[in-house]
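Heads up, the thing below is written out as structure tokens.
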Amino acid sequence: MIRSTSPGYSITVRVEIDNRIGMFARVATAISEAGGDLGSVDIVRVEKGRIVRDVTVNARDEEHEREIVKAVRKVPGVKVKRVMDRTFSAHKGGKIEIRSKFPVRDRNELSKVYTPGVARVCMDIHAHKEHVYRYTIKGNSVAIVTDGTAVLGLGNIGPEAALPVMEGKAMLFKEFAGVDAFPVILGTEVPDEIIRTVKHIAPTFGGINLEDISAPRCFEIEERLSKELDIPVFHDDQHGTAIVVLAAMINVGRLFSKNIRKFKVVVVGAGAAGYATAMMLIKYGIRNLIVCDRRGTLYRGRRKGMNPYKRRLALKSNPEGVKGPLSEALKGADVLIGLSGPDTVTVEDLKGMARNPVAFVLANPDPEISPQEALPHVRVLATGRSDFPNQINNMLSFPGIFRGLLDVRARGVNDEIKIAAAKAMAHCITDQELHEDYIIPSIFDRGVVHAVAAAVSETATKTGLART
């Protein structure tokens, strides 16, 4: 699969060029012929007979970056002075910081925010524990907890290597929902130790966002923490994905003027996202749902390659007891939801689906089937990528969900809240706007956070989870 260029592989090449007419055109041509996407061009300085420019280029990957630089070096009259990777530059020194809400300029202000004045607030919270939400950061704070065992599509890369992802997530929490989120990177993979650690730090936070913890460990960790803490615990890799998928499914139903509960749905992948998505769709009312893993369909009585969570799925899904490979499960299916890995779905599989098939191929960066291959054979296509329509991205869910939970000081999060979030997200698109290429809102639609937060707060209140 040939990837398109991406700002994630963006470089700035500082070049010294002979100051003659047509010289920069040669540089631009070299970049274009190497497949680079030319961006901004800035003059750094002009010298006698020479001009120094910073040229920004998007590439496909690191190897492509090197090919582009090599092509520029070959242009006569051009000298490459420096190459800067703009992604690494953006991460230099970390991407987040803690700031005070107001300056401490004199002894009077110091006496209020620290000793002796702070003691009065401490004793008030001692007497009225619930006031911790009023007088500290707890009411607007979330811990982003990971052990680095399932980071993006990179796998178990360790806690330190996971930190840039958690910092990025903290940025999104703040930028889109005004939530103060803190990366908490754990140096253990033992579920009991993770659970014990999170319980010990929980008094600081109004919510816990578990992130990038491998399955099936993530299921036990979330379930136990949800029972043992009095604040929301939300594993985004599971439920964030499930909520956005359900929202997109609701809009497919609106687009087709059909009841999605009557669809035949096949979920490819029984990991964290696959498990949670299947369970949420079943909770929503879809009965004819089949889950497939590497060994084929999950069904009652299957013994090979099973764990307690797959057995739970097998009991709740596949009502007709279909056995066999994915191709067998997809016969006559209305919707395919891929949450596995690349090259798991074929064109022949798609051809075996029902009329007007829908394919969500969400593995990143390489989906279950190339979008270019899939598009001629489906009516609606969604991916996890930003370079195709209908991007299924968790970023649509977690800022609004935590904003709504924090606003009512929720004690937890339930299925009703998740389904309400999905419905609110779906209806951010009007009937007039719905289209095969527009079944899910843009991740930059600021209205989504507000709609989801309002639905979450209301549902938390109705279901008895809200403190306020």
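Letters for chains follow the order of the structure tokens (A, B, ...), residue numbers begin at 1 for each chain, and ligand numbers begin at 1 in the order shown.
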
Going by DSSP on the backbone, which residues of stretch 278-334 of chain A come out as helix (DSSP H, G or I)? List them as a ChimeraX atom specification. /A:278-284,308-316,326-329

Excluding stretch 136-143 of chain A and any residue of its chain fewer than 3 positions from it, enumerate the residues within 7 Å of it, using only C-alpha atoms, and give them as a PDB file with N, CA and C atoms, in the first residue's frame.
```pdb
ATOM      1  N   VAL A 132     -13.281  19.098  48.200  1.00  0.00           N
ATOM      2  CA  VAL A 132     -12.061  18.949  47.410  1.00  0.00           C
ATOM      3  C   VAL A 132     -12.339  19.258  45.945  1.00  0.00           C
ATOM      4  N   TYR A 133     -13.558  18.983  45.488  1.00  0.00           N
ATOM      5  CA  TYR A 133     -13.929  19.322  44.119  1.00  0.00           C
ATOM      6  C   TYR A 133     -14.010  20.833  43.922  1.00  0.00           C
ATOM      7  N   VAL A 179     -10.048  20.436  29.982  1.00  0.00           N
ATOM      8  CA  VAL A 179      -9.758  19.506  31.074  1.00  0.00           C
ATOM      9  C   VAL A 179      -8.252  19.442  31.312  1.00  0.00           C
ATOM     10  N   ASP A 180      -7.849  19.491  32.591  1.00  0.00           N
ATOM     11  CA  ASP A 180      -6.434  19.361  32.946  1.00  0.00           C
ATOM     12  C   ASP A 180      -6.119  17.879  33.091  1.00  0.00           C
ATOM     13  N   ALA A 181      -5.380  17.337  32.138  1.00  0.00           N
ATOM     14  CA  ALA A 181      -5.055  15.918  32.122  1.00  0.00           C
ATOM     15  C   ALA A 181      -3.558  15.727  32.327  1.00  0.00           C
ATOM     16  N   PHE A 182      -3.184  14.704  33.078  1.00  0.00           N
ATOM     17  CA  PHE A 182      -1.793  14.474  33.449  1.00  0.00           C
ATOM     18  C   PHE A 182      -1.370  13.066  33.035  1.00  0.00           C
ATOM     19  N   PRO A 183      -0.294  12.933  32.281  1.00  0.00           N
ATOM     20  CA  PRO A 183       0.209  11.597  31.960  1.00  0.00           C
ATOM     21  C   PRO A 183       0.741  10.905  33.220  1.00  0.00           C
ATOM     22  N   VAL A 184       0.317   9.674  33.434  1.00  0.00           N
ATOM     23  CA  VAL A 184       0.823   8.855  34.538  1.00  0.00           C
ATOM     24  C   VAL A 184       1.347   7.569  33.911  1.00  0.00           C
ATOM     25  N   THR A 204      -6.381  12.494  43.807  1.00  0.00           N
ATOM     26  CA  THR A 204      -6.037  13.739  43.104  1.00  0.00           C
ATOM     27  C   THR A 204      -6.994  14.039  41.965  1.00  0.00           C
ATOM     28  N   PHE A 205      -7.634  13.016  41.389  1.00  0.00           N
ATOM     29  CA  PHE A 205      -8.272  13.150  40.088  1.00  0.00           C
ATOM     30  C   PHE A 205      -9.785  12.977  40.147  1.00  0.00           C
ATOM     31  N   GLY A 206     -10.444  13.633  39.173  1.00  0.00           N
ATOM     32  CA  GLY A 206     -11.887  13.477  39.005  1.00  0.00           C
ATOM     33  C   GLY A 206     -12.246  12.361  38.066  1.00  0.00           C
ATOM     34  N   GLY A 207     -11.254  11.789  37.362  1.00  0.00           N
ATOM     35  CA  GLY A 207     -11.501  10.689  36.442  1.00  0.00           C
ATOM     36  C   GLY A 207     -10.199  10.029  36.058  1.00  0.00           C
ATOM     37  N   ILE A 208     -10.291   8.768  35.638  1.00  0.00           N
ATOM     38  CA  ILE A 208      -9.127   7.999  35.194  1.00  0.00           C
ATOM     39  C   ILE A 208      -9.351   7.566  33.752  1.00  0.00           C
ATOM     40  N   ASN A 209      -8.434   7.962  32.866  1.00  0.00           N
ATOM     41  CA  ASN A 209      -8.465   7.530  31.466  1.00  0.00           C
ATOM     42  C   ASN A 209      -7.345   6.504  31.267  1.00  0.00           C
ATOM     43  N   LEU A 406     -17.042  15.232  34.502  1.00  0.00           N
ATOM     44  CA  LEU A 406     -16.484  16.150  35.503  1.00  0.00           C
ATOM     45  C   LEU A 406     -17.480  17.235  35.887  1.00  0.00           C
ATOM     46  N   ARG A 409     -19.506  15.846  38.526  1.00  0.00           N
ATOM     47  CA  ARG A 409     -18.728  15.117  39.531  1.00  0.00           C
ATOM     48  C   ARG A 409     -19.192  13.659  39.606  1.00  0.00           C
TER      49      ARG A 409
END
```

Under the rule that only C-alpha atoms are counted, which of A:Ile11, A:Ile17, A:Gly332, A:Asp445 is the nearest residue to A:Glu62?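 Counting only C-alpha atoms, the residue closest to A:Glu62 is A:Ile11.
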
Which residues come within 9 Å of A:Arg20, counting only C-alpha atoms, excluding same-chain residues fewer than 4 positions away, as a PDB file with C-alpha atoms, in the first residue's frame?
```
ATOM      1  CA  PHE A  24      14.520  27.810  -6.753  1.00  0.00           C
ATOM      2  CA  GLY A  49      25.435  35.877  -4.782  1.00  0.00           C
ATOM      3  CA  ARG A  50      23.639  33.453  -2.444  1.00  0.00           C
TER       4      ARG A  50
END
```

Which residues come within 6 Å of stretch 383-387 of chain A, counting only C-alpha atoms, excluding same-chain residues fewer than 2 positions away, as a ChimeraX atom specification? /A:360-362,391-392

Take the selection from the previous step and output its residues with N, CA and C atoms, as an mmCIF file, in the first residue's frame.
```
data_model
loop_
_atom_site.group_PDB
_atom_site.id
_atom_site.type_symbol
_atom_site.label_atom_id
_atom_site.label_comp_id
_atom_site.auth_asym_id
_atom_site.auth_seq_id
_atom_site.Cartn_x
_atom_site.Cartn_y
_atom_site.Cartn_z
ATOM 1 N N PHE A 360 -16.164 -0.450 7.701
ATOM 2 C CA PHE A 360 -15.331 0.368 8.570
ATOM 3 C C PHE A 360 -14.008 -0.392 8.720
ATOM 4 N N VAL A 361 -12.967 0.053 8.033
ATOM 5 C CA VAL A 361 -11.660 -0.617 8.113
ATOM 6 C C VAL A 361 -10.736 0.309 8.903
ATOM 7 N N LEU A 362 -10.593 0.038 10.193
ATOM 8 C CA LEU A 362 -10.106 1.041 11.132
ATOM 9 C C LEU A 362 -8.696 0.802 11.650
ATOM 10 N N GLN A 391 -13.430 9.630 9.032
ATOM 11 C CA GLN A 391 -12.395 9.167 9.946
ATOM 12 C C GLN A 391 -13.000 8.837 11.304
ATOM 13 N N ILE A 392 -12.865 7.582 11.712
ATOM 14 C CA ILE A 392 -13.314 7.148 13.034
ATOM 15 C C ILE A 392 -12.164 7.392 14.000
#
```

Can you work out the spacing between atom CA of A:Ile250 and atom CA of A:Val165 in Å, to one decimal? 29.8 Å

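From atom CA of A:Asp437 back to atom CA of A:Ser40, the distance works out to 29.7 Å.
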
So the first atom is atom CA of A:Thr5 and the second is atom CA of A:Val83; what is the distance between them in Å, to one decimal place?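 Atom CA of A:Val83 lies at a distance of 17.6 Å from atom CA of A:Thr5.
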
May I have all residues of stretch 68-256 of chain A that DSSP, computed from the backbone, assigns to strand (DSSP E), given as a VMD selection string? chain A and resid 78 to 85 141 to 146 180 to 185 207 to 210 233 to 235

Contacts of A:Gly305 within 12 Å, only C-alpha atoms, excl. fewer than 3 positions in-chain, as a tab-separated table (two decimals) with C-alpha atoms, in the first residue's frame:
```tsv
chain	number	residue	atom	x	y	z
A	270	ALA	CA	-11.45	-9.46	19.42
A	292	CYS	CA	-13.94	-12.98	14.19
A	293	ASP	CA	-10.38	-13.35	15.38
A	294	ARG	CA	-7.35	-14.95	13.70
A	295	ARG	CA	-8.91	-18.40	14.04
A	296	GLY	CA	-12.26	-17.42	12.54
A	297	THR	CA	-15.65	-16.85	14.14
A	298	LEU	CA	-16.31	-16.87	17.85
A	299	TYR	CA	-19.12	-19.27	18.74
A	301	GLY	CA	-18.26	-24.07	22.61
A	302	ARG	CA	-15.16	-22.95	20.71
A	308	PRO	CA	-12.73	-15.37	29.43
A	309	TYR	CA	-13.61	-12.27	27.42
A	310	LYS	CA	-13.85	-14.07	24.09
A	311	ARG	CA	-16.05	-16.67	25.79
```
